[in-house]
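Coordinates from upload.txt are shown below (compact mmCIF, C-alpha atoms and all ligand atoms).
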# COMPACT_ATOMS: atom_id res chain seq x y z
CA MET A 8 -25.97 2.56 8.87
CA SER A 9 -23.57 4.65 10.87
CA ILE A 10 -19.91 4.91 10.15
CA ALA A 11 -17.33 5.63 12.80
CA GLU A 12 -14.66 8.25 12.47
CA PHE A 13 -11.42 6.55 11.57
CA PRO A 14 -9.21 6.47 14.68
CA SER A 15 -6.61 9.23 14.75
CA ASP A 16 -4.50 8.03 17.67
CA TRP A 17 -1.91 6.31 15.52
CA SER A 18 1.23 7.60 13.91
CA SER A 19 2.32 5.06 11.35
CA ALA A 20 0.43 3.07 8.76
CA LEU A 21 1.70 0.50 6.32
CA VAL A 22 -0.16 0.20 3.03
CA LEU A 23 -0.02 -3.19 1.32
CA VAL A 24 -1.47 -3.48 -2.17
CA ALA A 25 -1.04 -5.80 -5.12
CA HIS A 26 -0.33 -3.24 -7.86
CA PRO A 27 1.00 0.32 -7.95
CA ASP A 28 -2.29 1.54 -9.44
CA ASP A 29 -4.57 -0.02 -6.86
CA PRO A 30 -7.11 2.37 -5.33
CA GLU A 31 -5.53 2.08 -1.91
CA TYR A 32 -2.30 3.20 -3.45
CA GLY A 33 -4.03 6.44 -4.39
CA MET A 34 -4.94 7.03 -0.77
CA ALA A 35 -1.44 6.00 0.22
CA ALA A 36 0.04 8.76 -1.87
CA ALA A 37 1.18 10.69 1.17
CA VAL A 38 3.21 7.89 2.68
CA ASP A 39 6.98 8.26 2.77
CA GLU A 40 8.21 5.09 1.32
CA VAL A 41 7.00 2.83 -1.44
CA GLU A 42 8.47 -0.58 -2.15
CA PHE A 43 7.86 -2.71 -5.20
CA TRP A 44 8.39 -6.38 -4.57
CA GLY A 45 8.38 -7.60 -8.13
CA PHE A 46 5.83 -10.37 -7.86
CA PRO A 47 4.47 -10.88 -11.39
CA ASP A 48 1.35 -8.95 -12.34
CA SER A 49 -1.75 -11.11 -12.97
CA GLU A 50 0.05 -14.10 -11.48
CA LEU A 51 -0.17 -13.22 -7.82
CA PHE A 52 -1.05 -16.09 -5.57
CA ASN A 53 -1.43 -16.51 -1.85
CA THR A 54 1.85 -18.43 -1.56
CA PRO A 55 4.11 -19.01 1.45
CA GLU A 56 6.66 -16.76 -0.30
CA LEU A 57 4.19 -13.87 -0.56
CA ARG A 58 2.98 -14.30 3.02
CA GLU A 59 6.56 -14.36 4.24
CA LYS A 60 7.31 -11.12 2.38
CA ILE A 61 4.22 -9.48 3.88
CA ALA A 62 5.04 -10.67 7.41
CA GLU A 63 8.68 -9.60 7.10
CA THR A 64 7.60 -6.14 5.92
CA ILE A 65 5.06 -5.64 8.72
CA VAL A 66 7.62 -6.66 11.34
CA ARG A 67 10.35 -4.45 9.83
CA VAL A 68 8.14 -1.34 9.38
CA ASN A 69 6.36 -1.98 12.68
CA PRO A 70 3.33 0.20 11.85
CA ASP A 71 0.49 1.01 14.23
CA ILE A 72 -2.02 -0.07 11.61
CA VAL A 73 -2.07 -1.82 8.24
CA LEU A 74 -4.23 -0.79 5.30
CA SER A 75 -4.78 -3.25 2.50
CA LEU A 76 -6.93 -4.40 -0.36
CA TYR A 77 -10.50 -5.53 -0.30
CA GLY A 78 -10.46 -9.29 -0.81
CA GLY A 79 -14.13 -10.14 -1.32
CA PRO A 80 -15.39 -11.73 -4.52
CA GLU A 81 -17.08 -8.61 -5.87
CA TRP A 82 -17.33 -4.89 -5.27
CA GLY A 83 -21.02 -4.98 -6.02
CA PRO A 84 -23.46 -6.86 -8.21
CA GLY A 85 -21.72 -7.55 -11.51
CA LEU A 86 -18.46 -5.94 -10.38
CA PRO A 87 -16.09 -8.82 -9.73
CA ASN A 88 -12.90 -8.20 -7.82
CA GLN A 89 -9.62 -9.03 -9.56
CA ARG A 90 -8.14 -12.43 -8.78
CA ASP A 91 -4.78 -10.84 -7.92
CA HIS A 92 -6.54 -8.70 -5.31
CA ILE A 93 -8.40 -11.60 -3.76
CA GLU A 94 -5.21 -13.67 -3.54
CA PHE A 95 -3.15 -10.77 -2.19
CA ALA A 96 -5.78 -9.76 0.38
CA ALA A 97 -6.01 -13.34 1.63
CA ALA A 98 -2.23 -13.47 1.97
CA VAL A 99 -2.24 -10.24 4.01
CA VAL A 100 -4.90 -11.54 6.39
CA GLU A 101 -3.14 -14.88 6.86
CA ALA A 102 0.24 -13.25 7.37
CA PHE A 103 -1.28 -10.77 9.84
CA ASP A 104 -2.93 -13.55 11.81
CA GLU A 105 0.38 -15.41 12.12
CA LEU A 106 2.20 -12.47 13.69
CA PRO A 107 2.96 -12.98 17.39
CA ASP A 108 2.63 -9.23 18.01
CA PRO A 109 0.41 -7.81 15.25
CA PRO A 110 -0.29 -4.11 14.64
CA ARG A 111 -3.36 -2.62 16.33
CA GLY A 112 -5.62 -2.95 13.33
CA LEU A 113 -6.01 -4.15 9.79
CA PHE A 114 -8.29 -2.16 7.52
CA VAL A 115 -9.28 -2.65 3.90
CA ASN A 116 -10.74 -0.25 1.39
CA GLY A 117 -13.89 -1.81 -0.03
CA PRO A 118 -17.66 -1.97 0.20
CA GLY A 119 -19.29 -1.95 3.64
CA SER A 120 -17.10 0.62 5.36
CA THR A 121 -17.03 0.55 9.14
CA HIS A 122 -14.89 3.69 9.38
CA ALA A 123 -14.25 6.76 7.29
CA VAL A 124 -11.80 9.60 7.30
CA GLU A 125 -12.48 13.05 5.88
CA VAL A 126 -10.04 13.92 3.12
CA ASP A 127 -11.52 17.23 1.92
CA ASP A 128 -8.22 19.03 2.39
CA PHE A 129 -5.89 16.31 1.23
CA THR A 130 -6.94 15.39 -2.27
CA GLU A 131 -4.62 17.87 -4.04
CA LEU A 132 -1.70 16.60 -2.00
CA ALA A 133 -2.61 13.05 -2.92
CA VAL A 134 -2.87 13.93 -6.62
CA ASP A 135 0.54 15.62 -6.58
CA SER A 136 2.19 12.77 -4.71
CA LEU A 137 0.71 10.16 -6.97
CA ALA A 138 1.76 12.11 -10.06
CA GLU A 139 5.35 11.88 -8.85
CA HIS A 140 5.23 8.21 -9.73
CA ASP A 141 5.13 9.40 -13.32
CA VAL A 142 7.27 6.68 -14.83
CA TYR A 143 4.88 3.98 -13.78
CA LEU A 144 1.76 5.92 -14.74
CA SER A 145 3.13 6.95 -18.12
CA VAL A 146 3.86 3.33 -18.97
CA LEU A 147 0.46 2.26 -17.72
CA ALA A 148 -1.46 4.64 -19.99
CA PRO A 149 0.91 6.55 -22.28
CA ASP A 150 -1.88 8.56 -23.93
CA THR A 151 -3.26 10.08 -20.74
CA PRO A 152 -1.29 12.83 -18.98
CA VAL A 153 0.07 11.62 -15.66
CA ILE A 154 -1.62 14.39 -13.67
CA ASP A 155 -5.02 13.40 -15.15
CA GLN A 156 -4.45 9.76 -14.27
CA ALA A 157 -3.49 10.72 -10.75
CA ARG A 158 -6.59 12.89 -10.38
CA ALA A 159 -8.86 10.14 -11.72
CA GLN A 160 -7.31 7.71 -9.26
CA VAL A 161 -7.89 9.99 -6.30
CA ASP A 162 -11.41 10.96 -7.45
CA MET A 163 -12.29 7.29 -7.74
CA THR A 164 -11.31 6.58 -4.16
CA THR A 165 -12.73 9.67 -2.46
CA GLY A 166 -16.29 10.91 -2.51
CA SER A 167 -19.15 11.36 -0.13
CA ILE A 168 -20.13 8.31 1.91
CA ASP A 169 -23.67 7.73 3.17
CA GLY A 170 -23.82 8.34 6.90
CA PHE A 171 -20.58 10.27 7.09
CA PRO A 172 -20.57 14.09 7.09
CA ALA A 173 -17.80 15.02 4.66
CA ALA A 174 -17.75 16.03 1.00
CA ARG A 175 -14.84 13.73 0.38
CA ALA A 176 -14.02 10.76 2.51
CA CYS A 177 -12.15 7.54 2.31
CA GLY A 178 -14.05 4.56 3.63
CA LEU A 179 -12.30 1.72 5.38
CA THR A 180 -13.46 -1.59 6.76
CA GLN A 181 -11.87 -2.90 9.91
CA ILE A 182 -11.22 -6.62 9.58
CA ARG A 183 -8.75 -7.11 12.49
CA PRO A 184 -9.28 -7.27 15.36
CA VAL A 185 -12.59 -8.88 14.48
ZN ZN Y 201 -4.60 -4.08 -8.59
Written form, structure tokens:
Amino acid sequence: MSIAEFPSDWSSALVLVAHPDDPEYGMAAAVDEVEFWGFPDSELFNTPELREKIAETIVRVNPDIVLSLYGGPEWGPGLPNQRDHIEFAAAVVEAFDELPDPPRGLFVNGPGSTHAVEVDDFTELAVDSLAEHDVYLSVLAPDTPVIDQARAQVDMTTGSIDGFPAARACGLTQIRPV
């Protein structure tokens, strides 16, 4: 399988995830702005309200591309995806498809990457940025130092990918345009 280099001819990306500790959030650590919408954890559903919030945000931010969650049933054999993620990912796709003038692409971070981007030089930056969200992380796991949690998060989402020549890469699957 060959994996294409992630396109670099864009300047803004919007990252949409269900929870502040989602893997994509780790890779999003270098983005400028993070919004929390306050939909209840573990009770996320693909509702008109959620789709409207997603659509409104995409239109307002007007990014070149959107990165979101993997919405398939499982990450691999015996590794089921979380229901919140499946619901959220479906809402993103539906909201995206309803936009009259959608961004150039929608990518998700999950199995079966079509594209990858080398992140060899960016992991420390990502760890530091993620660690800045220390209030959230310290509530999430009070017994683990925030910097260790941030590093684990980044390590989990970057590694070598078969067919792509980089020690650390982030794999992405293009789902729009199909
Ligand atoms: Zn999550």
Inset, instruction - Tell me, as a PyMOL selection string, which residues lie within 9 Å of Ile154 of chain A, counting all atoms listed in the file; anything in the same chain fewer than 3 positions away does not count. - result: chain A and resi 134-135+137-139+141+151+157-159
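Using only C-alpha atoms, the smallest distance between any of A:Leu76, A:Val185, A:Val153, A:Val66 and Ala98 of chain A comes from A:Leu76.
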Inset, instruction - Measuring atom to atom with all atoms listed in the file, identify which of A:Ala20, A:Ala133, A:Leu74, A:Ala174 is nearest to Gln156 of chain A. - result: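 Nearest candidate to Gln156 of chain A out of A:Ala20, A:Ala133, A:Leu74, A:Ala174: A:Ala133.
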Axis-aligned box over every listed atom of segment 17-25 of chain A, padded by 6 Å per side: centre and edges in Å to one decimal, as AutoDock Vina command-line options?
--center_x 0.2 --center_y 0.9 --center_z 5.2 --size_x 16.2 --size_y 25.4 --size_z 32.6
Inset, instruction - Find the residues near Asn69 of chain A: any atom within 9 Å, counting only C-alpha atoms, skip ones fewer than 3 places away on the same chain, and give them as a list in words. - result: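 With the cut-off at 9 Å, the set is Ser19, Ala20, Leu21, Thr64, Ile65, Val66, Ile72, Pro109 and Pro110 of chain A.
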Inset, instruction - Please indicate the distance in Å from atom CA of Val24 of chain A to atom CA of His92 of chain A, rounded to one decimal place. - result: 7.9 Å
Inset, instruction - Using all atoms listed in the file, find each protein or nucleic acid residue lying at most 12 Å from ligand ZN 201 (chain Y); present the set as a list in words. - result: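 My answer, listing the contacting residues, is Leu23, Val24, Ala25, His26, Pro27, Asp28, Asp29, Pro30, Glu31, Tyr32, Gly33, Pro47, Asp48, Ser49, Glu50, Leu51, Ser75, Leu76, Tyr77, Gly78, Asn88, Gln89, Arg90, Asp91, His92, Ile93, Glu94, Phe95 and Ala96 of chain A.
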Inset, instruction - Would you kindly return, as a list in words, each protein, DNA or RNA residue with an atom no farther than 8 Å from any atom of Ala62 of chain A, considering all atoms listed in the file and excluding same-chain residues fewer than 6 positions away? - result: Ala102, Phe103 and Leu106 of chain A
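Going from atom CA of Ser9 of chain A to atom CA of Gly170 of chain A covers 5.4 Å.
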Legend entry - Nearest-residue call for Asp128 of chain A, choices A:Leu57, A:Leu144, A:Val73, A:Ala173, using all atoms listed in the file: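 Closest residue, counting all atoms listed in the file: A:Ala173.
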Inset, instruction - For atom CA of Trp44 of chain A and atom CA of Ala176 of chain A, determine how far apart the two atoms are, in Å to one decimal place. - result: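 A separation of 29.1 Å between them.
Ranking A:Ser136, A:Thr54, A:Asn116, A:Thr121 by their shortest atom-to-atom distance to Ala97 of chain A, with only C-alpha atoms included, puts A:Thr54 first.
Distance annotation: of A:Thr180, A:Gln160, A:Ser18, A:Ser145, the residue with the minimal separation from Val124 of chain A is A:Thr180; atom set is only C-alpha atoms.
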